[in-house]
$ cat entry.txt   # compact mmCIF, C-alpha atoms
# COMPACT_ATOMS: atom_id res chain seq x y z
CA MET A 1 -169.28 -10.91 40.10
CA ASN A 2 -167.07 -11.12 43.20
CA THR A 3 -166.09 -14.78 42.90
CA ILE A 4 -163.81 -16.30 45.53
CA HIS A 5 -162.47 -19.84 45.04
CA ILE A 6 -161.98 -21.87 48.23
CA ASP A 7 -160.56 -25.31 48.95
CA ASN A 8 -161.82 -25.68 52.53
CA LEU A 9 -164.61 -24.43 54.80
CA ASP A 10 -162.43 -23.08 57.62
CA GLY A 11 -162.79 -19.33 56.98
CA MET A 12 -164.87 -17.21 59.38
CA GLU A 13 -166.90 -15.91 56.45
CA LEU A 14 -168.07 -19.49 55.83
CA ALA A 15 -169.19 -20.11 59.42
CA PRO A 16 -172.91 -19.50 58.66
CA TYR A 17 -172.80 -22.32 56.11
CA ALA A 18 -170.48 -24.73 57.87
CA ARG A 19 -170.52 -24.28 61.64
CA LEU A 20 -173.31 -22.12 63.07
CA THR A 21 -176.46 -23.79 64.39
CA GLU A 22 -179.94 -22.50 63.54
CA ALA A 23 -180.08 -20.89 67.00
CA GLN A 24 -176.75 -19.12 66.42
CA LEU A 25 -177.89 -17.90 63.00
CA LEU A 26 -181.03 -16.49 64.62
CA ASN A 27 -178.89 -14.56 67.16
CA ARG A 28 -181.52 -13.75 69.79
CA LEU A 29 -179.12 -11.46 71.70
CA HIS A 30 -178.55 -9.25 68.64
CA PRO A 31 -181.54 -9.70 66.30
CA ASP A 32 -180.22 -7.06 63.87
CA GLU A 33 -177.22 -9.30 63.22
CA GLY A 34 -179.24 -12.45 62.57
CA VAL A 35 -178.97 -14.30 59.27
CA PHE A 36 -180.50 -17.37 57.68
CA ILE A 37 -179.47 -19.81 54.97
CA CYS A 38 -181.58 -20.09 51.85
CA GLU A 39 -181.05 -23.00 49.48
CA SER A 40 -181.90 -23.83 45.85
CA LEU A 41 -181.91 -21.20 43.14
CA LYS A 42 -185.70 -21.18 42.82
CA VAL A 43 -186.22 -20.36 46.50
CA ILE A 44 -183.31 -17.89 46.51
CA ARG A 45 -184.83 -16.01 43.58
CA VAL A 46 -188.19 -15.76 45.34
CA ALA A 47 -186.42 -14.41 48.44
CA LEU A 48 -184.60 -11.78 46.40
CA GLU A 49 -187.79 -10.77 44.57
CA HIS A 50 -189.42 -10.13 47.95
CA GLY A 51 -186.70 -7.93 49.33
CA MET A 52 -184.42 -10.30 51.23
CA GLU A 53 -180.85 -8.96 51.50
CA PRO A 54 -178.06 -11.38 50.53
CA VAL A 55 -174.76 -11.49 52.42
CA SER A 56 -172.97 -14.08 50.28
CA PHE A 57 -173.44 -17.15 48.09
CA LEU A 58 -171.80 -20.57 48.21
CA CYS A 59 -171.93 -22.96 45.26
CA GLU A 60 -170.14 -25.40 43.03
CA GLU A 61 -168.26 -23.88 40.12
CA LYS A 62 -170.67 -25.37 37.58
CA PHE A 63 -173.51 -23.27 39.02
CA LEU A 64 -171.69 -19.93 38.88
CA GLU A 65 -173.45 -18.71 35.74
CA GLN A 66 -176.84 -19.20 37.41
CA VAL A 67 -176.04 -17.20 40.57
CA PRO A 68 -177.59 -13.70 40.55
CA ASP A 69 -175.01 -10.92 40.62
CA CYS A 70 -175.97 -9.06 43.80
CA GLY A 71 -172.62 -7.44 44.46
CA VAL A 72 -171.79 -9.78 47.35
CA PRO A 73 -169.08 -12.46 47.62
CA VAL A 74 -169.76 -15.71 45.79
CA TYR A 75 -167.70 -18.51 47.33
CA THR A 76 -167.17 -21.46 45.04
CA ALA A 77 -165.54 -24.84 45.50
CA GLU A 78 -165.34 -28.33 44.08
CA ARG A 79 -168.20 -30.67 44.99
CA VAL A 80 -165.93 -32.80 47.18
CA VAL A 81 -165.40 -29.77 49.46
CA LEU A 82 -169.07 -28.79 49.65
CA LYS A 83 -170.22 -32.34 50.36
CA GLN A 84 -168.77 -31.86 53.84
CA LEU A 85 -171.72 -29.54 54.58
CA THR A 86 -174.63 -31.24 56.31
CA GLY A 87 -177.60 -31.34 53.96
CA TYR A 88 -175.70 -30.05 50.94
CA GLU A 89 -177.02 -32.88 48.76
CA LEU A 90 -180.52 -31.41 49.17
CA SER A 91 -179.53 -27.84 48.35
CA ARG A 92 -179.61 -28.24 44.56
CA GLY A 93 -176.19 -26.70 44.29
CA VAL A 94 -176.52 -23.12 45.57
CA LEU A 95 -176.72 -21.68 49.09
CA CYS A 96 -177.25 -18.05 50.04
CA CYS A 97 -176.69 -16.41 53.42
CA MET A 98 -179.26 -13.62 53.91
CA ARG A 99 -179.96 -11.04 56.59
CA ARG A 100 -183.05 -11.66 58.66
CA PRO A 101 -185.77 -9.11 57.89
CA ARG A 102 -187.45 -6.95 60.50
CA LEU A 103 -190.58 -8.69 61.68
CA PRO A 104 -193.77 -6.61 61.53
CA GLN A 105 -196.07 -6.00 64.48
CA VAL A 106 -199.11 -8.27 64.84
CA SER A 107 -201.39 -5.32 64.04
CA GLU A 108 -199.51 -4.76 60.76
CA VAL A 109 -199.95 -8.39 59.74
CA LEU A 110 -203.64 -8.41 60.61
CA GLY A 111 -204.40 -5.02 59.07
CA ALA A 112 -205.90 -5.98 55.72
CA ALA A 113 -206.25 -9.71 56.39
CA ARG A 114 -209.51 -11.67 56.46
CA ARG A 115 -208.15 -15.20 56.87
CA VAL A 116 -205.05 -15.91 58.94
CA ALA A 117 -203.38 -19.11 60.08
CA VAL A 118 -202.08 -19.40 63.63
CA LEU A 119 -199.47 -22.05 64.38
CA ASP A 120 -199.28 -22.99 68.05
CA GLY A 121 -196.26 -25.09 69.00
CA VAL A 122 -195.65 -26.53 65.52
CA VAL A 123 -192.00 -27.51 65.82
CA ASN A 124 -191.28 -29.61 62.74
CA SER A 125 -189.56 -27.55 60.03
CA GLU A 126 -191.03 -29.56 57.16
CA ASN A 127 -194.55 -29.16 58.54
CA THR A 128 -193.95 -25.44 58.98
CA GLY A 129 -192.78 -25.05 55.40
CA ALA A 130 -195.66 -27.14 54.06
CA ILE A 131 -198.22 -25.10 56.02
CA PHE A 132 -196.84 -21.85 54.61
CA ARG A 133 -197.04 -23.28 51.10
CA ALA A 134 -200.64 -24.37 51.64
CA ALA A 135 -201.55 -21.02 53.20
CA ALA A 136 -200.12 -19.06 50.27
CA SER A 137 -201.86 -21.19 47.66
CA LEU A 138 -205.24 -21.66 49.35
CA GLY A 139 -206.40 -18.19 50.27
CA ILE A 140 -204.77 -17.42 53.64
CA ASP A 141 -203.64 -13.80 53.95
CA ALA A 142 -201.05 -14.09 56.73
CA VAL A 143 -199.49 -16.43 59.29
CA LEU A 144 -198.92 -15.93 63.02
CA LEU A 145 -196.80 -18.25 65.15
CA THR A 146 -196.38 -18.73 68.88
CA ARG A 147 -192.83 -18.45 70.21
CA THR A 148 -192.72 -22.24 70.69
CA CYS A 149 -192.92 -22.83 66.93
CA CYS A 150 -190.15 -23.66 64.49
CA ASP A 151 -188.56 -20.58 62.93
CA PRO A 152 -190.08 -20.13 59.43
CA LEU A 153 -186.65 -19.02 58.20
CA ASN A 154 -185.16 -22.33 59.24
CA ARG A 155 -183.23 -23.67 56.25
CA ARG A 156 -185.48 -26.69 55.70
CA ALA A 157 -188.70 -24.75 56.31
CA CYS A 158 -187.70 -22.21 53.65
CA ARG A 159 -186.99 -24.96 51.14
CA VAL A 160 -190.16 -26.94 51.79
CA SER A 161 -192.24 -23.76 51.60
CA MET A 162 -190.86 -23.15 48.09
CA GLY A 163 -190.25 -19.54 49.09
CA THR A 164 -193.76 -18.75 50.32
CA VAL A 165 -192.29 -17.73 53.70
CA PHE A 166 -191.12 -14.63 51.80
CA GLN A 167 -194.46 -14.01 50.10
CA LEU A 168 -196.86 -14.15 53.06
CA PRO A 169 -196.82 -11.60 55.90
CA TRP A 170 -195.94 -13.35 59.17
CA THR A 171 -194.78 -12.65 62.69
CA PHE A 172 -194.93 -14.07 66.21
CA LEU A 173 -198.06 -13.93 68.38
CA ASP A 174 -197.63 -13.49 72.14
CA ASN A 175 -201.27 -13.06 73.15
CA TYR A 176 -204.36 -14.58 71.53
CA MET A 177 -206.38 -11.57 72.62
CA GLN A 178 -204.57 -9.61 69.92
CA LEU A 179 -206.67 -11.59 67.43
CA LYS A 180 -209.95 -10.70 69.09
CA ASP A 181 -208.90 -7.10 69.61
CA ASN A 182 -208.48 -6.90 65.82
CA GLY A 183 -211.93 -8.33 65.16
CA PHE A 184 -210.99 -11.95 64.42
CA SER A 185 -213.03 -14.98 65.40
CA VAL A 186 -210.80 -17.82 66.56
CA VAL A 187 -211.49 -21.22 65.01
CA ALA A 188 -209.40 -23.98 66.60
CA LEU A 189 -208.82 -27.21 64.70
CA ALA A 190 -209.20 -30.02 67.23
CA LEU A 191 -211.12 -33.17 68.16
CA THR A 192 -213.33 -32.29 71.13
CA ASP A 193 -216.93 -32.77 72.24
CA ARG A 194 -217.79 -29.29 70.99
CA SER A 195 -216.14 -29.67 67.57
CA VAL A 196 -218.31 -28.94 64.55
CA PRO A 197 -217.55 -30.23 61.03
CA ILE A 198 -215.28 -27.89 59.14
CA ASP A 199 -217.99 -27.30 56.55
CA ALA A 200 -220.64 -26.42 59.16
CA PRO A 201 -222.89 -23.48 58.15
CA VAL A 202 -222.02 -21.65 61.38
CA LEU A 203 -218.48 -21.14 60.07
CA LYS A 204 -219.51 -19.82 56.67
CA GLY A 205 -220.50 -16.30 57.68
CA ILE A 206 -217.39 -15.39 59.66
CA GLU A 207 -215.89 -12.25 58.17
CA LYS A 208 -212.47 -12.33 59.83
CA MET A 209 -211.20 -15.74 60.90
CA ALA A 210 -208.03 -17.03 62.59
CA VAL A 211 -207.55 -20.77 61.98
CA VAL A 212 -205.48 -22.25 64.82
CA LEU A 213 -203.37 -25.40 64.34
CA GLY A 214 -201.65 -27.14 67.22
CA THR A 215 -198.47 -29.03 67.89
CA GLU A 216 -197.86 -32.31 66.08
CA GLY A 217 -198.15 -34.45 69.21
CA ASP A 218 -200.60 -33.09 71.76
CA GLY A 219 -202.54 -30.62 69.66
CA LEU A 220 -203.94 -27.46 71.20
CA SER A 221 -203.94 -26.74 74.93
CA ASP A 222 -207.14 -26.53 76.98
CA SER A 223 -206.57 -22.81 77.48
CA VAL A 224 -206.53 -22.17 73.73
CA LEU A 225 -209.62 -24.32 73.21
CA ARG A 226 -211.48 -22.41 75.93
CA LEU A 227 -210.54 -19.13 74.28
CA ALA A 228 -211.65 -20.26 70.81
CA ASP A 229 -214.96 -19.00 69.47
CA TYR A 230 -215.41 -22.25 67.56
CA VAL A 231 -213.72 -25.64 67.48
CA ALA A 232 -213.79 -27.44 64.13
CA ARG A 233 -212.85 -30.91 62.95
CA ILE A 234 -212.21 -32.52 59.58
CA PRO A 235 -214.60 -35.50 59.23
CA MET A 236 -212.60 -38.75 59.01
CA GLN A 237 -213.35 -42.18 57.55
CA ARG A 238 -212.17 -45.79 58.13
CA GLY A 239 -211.48 -45.16 61.80
CA VAL A 240 -208.67 -42.66 61.17
CA ASP A 241 -208.76 -40.05 63.91
CA SER A 242 -206.72 -37.23 62.38
CA LEU A 243 -204.36 -36.01 59.65
CA ASN A 244 -200.80 -34.78 59.81
CA VAL A 245 -200.91 -31.10 60.79
CA ALA A 246 -199.70 -29.92 57.37
CA ALA A 247 -202.32 -32.02 55.56
CA ALA A 248 -205.00 -30.85 57.97
CA ALA A 249 -203.96 -27.25 57.39
CA ALA A 250 -204.39 -27.61 53.62
CA VAL A 251 -207.89 -29.07 53.99
CA ALA A 252 -208.88 -26.41 56.51
CA PHE A 253 -207.53 -23.54 54.41
CA TRP A 254 -209.36 -24.78 51.32
CA GLU A 255 -212.67 -25.07 53.11
CA LEU A 256 -212.50 -22.03 55.39
CA SER A 257 -211.16 -19.55 52.87
CA LYS A 258 -214.11 -20.05 50.52

$ encode --input "entry.txt" --output "structure tokens"
Amino acid sequence: MNTIHIDNLDGMELAPYARLTEAQLLNRLHPDEGVFICESLKVIRVALEHGMEPVSFLCEEKFLEQVPDCGVPVYTAERVVLKQLTGYELSRGVLCCMRRPRLPQVSEVLGAARRVAVLDGVVNSENTGAIFRAAASLGIDAVLLTRTCCDPLNRRACRVSMGTVFQLPWTFLDNYMQLKDNGFSVVALALTDRSVPIDAPVLKGIEKMAVVLGTEGDGLSDSVLRLADYVARIPMQRGVDSLNVAAAAAVAFWELSK
């Protein structure tokens, strides 16, 4: 293993861990050079199992024996040095810088899918990660996101997803008509006058369904609701009007993937 001991975080090779923002890691000007930070050994192992390419590792010395030998530099330091990193206390000891994968085309993602989730303007990284985890475990075949969404390879989204962002096919959606062109019925989750209960018989016979979830604050836009083939709601009790988007996603995926 190529182990390199450090006593500070000043080196250029440590910039992805210590100084670059999520936007700089993404590198929109040069997508082929983009990287992301993956944290916790469990999530890192899932990423590696699904073809993610590591650039380097960063960890405390006591975790060295647990780091996979991938032939890349493994930077190690005392805990007092690594505690200077924002969020290091949540990383469970090991960080990995990985190259961003090539995103597939929408048609590739939809190819063999029957149930897909569409995130429209979901900006919270924890919600994004939780939705991916629910999608992977509750019968959703793929995830599409509008460009206004949080990046699924955001450090916190990866962690909260428990690595499911590497298991499910996903990409960005620029035009809702791509769903209909690929034979999908669009089911928007929203509270409107035309909403039907999520367990309504009319939803049961849909062969290919795209379940659309909106932004945490305002929900889905009028244009998306007009485009939707159906609008569905989760029946509420005790005067509660709605659930957190990640909780609503889990309920919707369970019911609509049956």

$ residues_near_point --input "entry.txt" --point "(-172.5, -27.8, 58.0)" --cutoff "7 Å" --atoms "only C-alpha atoms" --output "list in words"
Tyr17, Ala18, Arg19, Gln84, Leu85 and Thr86 of chain A

$ residues_around --input "entry.txt" --residues "A:Pro31" --least-positions-apart "5" --cutoff "10 Å" --atoms "all atoms listed in the file" --output "PyMOL selection string"
chain A and resi 25-26+99-102

$ closest_residue --input "entry.txt" --among "A:Val109, A:Leu95, A:Val212, A:Leu64" --to "A:Leu82" --atoms "only C-alpha atoms"
A:Leu95

$ residues_around --input "entry.txt" --residues "A:Cys150" --least-positions-apart "5" --cutoff "7 Å" --atoms "all atoms listed in the file" --output "PyMOL selection string"
chain A and resi 122-125+128

$ write_last_selection --input "entry.txt" --atoms "C-alpha atoms" --output "PDB file, in the coordinates of the input"
ATOM      1  CA  VAL A 122    -195.650 -26.530  65.520  1.00  0.00           C
ATOM      2  CA  VAL A 123    -192.000 -27.510  65.820  1.00  0.00           C
ATOM      3  CA  ASN A 124    -191.280 -29.610  62.740  1.00  0.00           C
ATOM      4  CA  SER A 125    -189.560 -27.550  60.030  1.00  0.00           C
ATOM      5  CA  THR A 128    -193.950 -25.440  58.980  1.00  0.00           C
TER       6      THR A 128
END

$ residues_around --input "entry.txt" --residues "A:Ile4" --least-positions-apart "3" --cutoff "7 Å" --atoms "all atoms listed in the file" --output "PDB file with C-alpha atoms, keeping the file's coordinate frame"
ATOM      1  CA  PRO A  73    -169.080 -12.460  47.620  1.00  0.00           C
ATOM      2  CA  VAL A  74    -169.760 -15.710  45.790  1.00  0.00           C
ATOM      3  CA  TYR A  75    -167.700 -18.510  47.330  1.00  0.00           C
ATOM      4  CA  THR A  76    -167.170 -21.460  45.040  1.00  0.00           C
TER       5      THR A  76
END

$ residues_around --input "entry.txt" --residues "A:Ser242" --least-positions-apart "6" --cutoff "10 Å" --atoms "all atoms listed in the file" --output "VMD selection string"
chain A and resid 190 to 191 233 to 236 248

$ closest_residue --input "entry.txt" --among "A:Asp120, A:Gly205, A:Phe253, A:Leu189" --to "A:Tyr176" --atoms "all atoms listed in the file"
A:Asp120

$ closest_residue --input "entry.txt" --among "A:Leu119, A:Ala228, A:Val35, A:Ala252" --to "A:Ala23" --atoms "all atoms listed in the file"
A:Val35

$ residues_near_point --input "entry.txt" --point "(-174.6, -19.1, 42.8)" --cutoff "9 Å" --atoms "only C-alpha atoms" --output "ChimeraX atom specification"
/A:41,57-61,63-69,74-76,93-96

$ atom_distance --input "entry.txt" --atom1 "atom CA of A:Val160" --atom2 "atom CA of A:Lys42"
11.6 Å

$ atom_distance --input "entry.txt" --atom1 "atom CA of A:Leu153" --atom2 "atom CA of A:Asp32"
14.7 Å

$ residues_around --input "entry.txt" --residues "A:Gly71" --least-positions-apart "4" --cutoff "9 Å" --atoms "only C-alpha atoms" --output "ChimeraX atom specification"
/A:1-2,56

$ atom_distance --input "entry.txt" --atom1 "atom CA of A:Ile198" --atom2 "atom CA of A:Arg226"
18.1 Å

$ decode --input "entry.txt" --residues "stretch 213-252 of chain A" --atoms "C-alpha atoms" --output "PDB file, in the first residue's frame"
ATOM      1  CA  LEU A 213     -41.423  14.352  -6.173  1.00  0.00           C
ATOM      2  CA  GLY A 214     -41.061  18.093  -5.791  1.00  0.00           C
ATOM      3  CA  THR A 215     -38.917  20.552  -3.909  1.00  0.00           C
ATOM      4  CA  GLU A 216     -39.061  20.590  -0.119  1.00  0.00           C
ATOM      5  CA  GLY A 217     -40.731  24.005   0.101  1.00  0.00           C
ATOM      6  CA  ASP A 218     -43.082  24.732  -2.782  1.00  0.00           C
ATOM      7  CA  GLY A 219     -43.577  21.265  -4.208  1.00  0.00           C
ATOM      8  CA  LEU A 220     -44.137  20.767  -7.920  1.00  0.00           C
ATOM      9  CA  SER A 221     -44.721  23.615 -10.365  1.00  0.00           C
ATOM     10  CA  ASP A 222     -48.035  24.121 -12.169  1.00  0.00           C
ATOM     11  CA  SER A 223     -46.383  23.216 -15.461  1.00  0.00           C
ATOM     12  CA  VAL A 224     -45.303  19.814 -14.145  1.00  0.00           C
ATOM     13  CA  LEU A 225     -48.743  19.175 -12.653  1.00  0.00           C
ATOM     14  CA  ARG A 226     -50.405  20.017 -15.974  1.00  0.00           C
ATOM     15  CA  LEU A 227     -48.088  17.619 -17.764  1.00  0.00           C
ATOM     16  CA  ALA A 228     -48.719  14.777 -15.297  1.00  0.00           C
ATOM     17  CA  ASP A 229     -51.037  11.960 -16.336  1.00  0.00           C
ATOM     18  CA  TYR A 230     -52.114  11.532 -12.726  1.00  0.00           C
ATOM     19  CA  VAL A 231     -51.676  13.456  -9.485  1.00  0.00           C
ATOM     20  CA  ALA A 232     -51.603  11.355  -6.317  1.00  0.00           C
ATOM     21  CA  ARG A 233     -51.641  12.109  -2.612  1.00  0.00           C
ATOM     22  CA  ILE A 234     -50.852  10.169   0.542  1.00  0.00           C
ATOM     23  CA  PRO A 235     -53.958  10.250   2.788  1.00  0.00           C
ATOM     24  CA  MET A 236     -53.166  12.106   6.036  1.00  0.00           C
ATOM     25  CA  GLN A 237     -54.673  12.026   9.526  1.00  0.00           C
ATOM     26  CA  ARG A 238     -54.925  14.412  12.523  1.00  0.00           C
ATOM     27  CA  GLY A 239     -54.887  17.479  10.309  1.00  0.00           C
ATOM     28  CA  VAL A 240     -51.342  16.911   9.038  1.00  0.00           C
ATOM     29  CA  ASP A 241     -51.156  18.115   5.443  1.00  0.00           C
ATOM     30  CA  SER A 242     -48.004  16.388   4.200  1.00  0.00           C
ATOM     31  CA  LEU A 243     -44.836  14.416   4.957  1.00  0.00           C
ATOM     32  CA  ASN A 244     -41.195  15.299   4.522  1.00  0.00           C
ATOM     33  CA  VAL A 245     -40.283  14.572   0.893  1.00  0.00           C
ATOM     34  CA  ALA A 246     -38.032  11.635   1.802  1.00  0.00           C
ATOM     35  CA  ALA A 247     -40.727  10.054   3.985  1.00  0.00           C
ATOM     36  CA  ALA A 248     -43.335  10.663   1.289  1.00  0.00           C
ATOM     37  CA  ALA A 249     -41.049   9.056  -1.278  1.00  0.00           C
ATOM     38  CA  ALA A 250     -40.731   5.884   0.812  1.00  0.00           C
ATOM     39  CA  VAL A 251     -44.507   5.566   1.202  1.00  0.00           C
ATOM     40  CA  ALA A 252     -45.084   6.247  -2.497  1.00  0.00           C
TER      41      ALA A 252
END
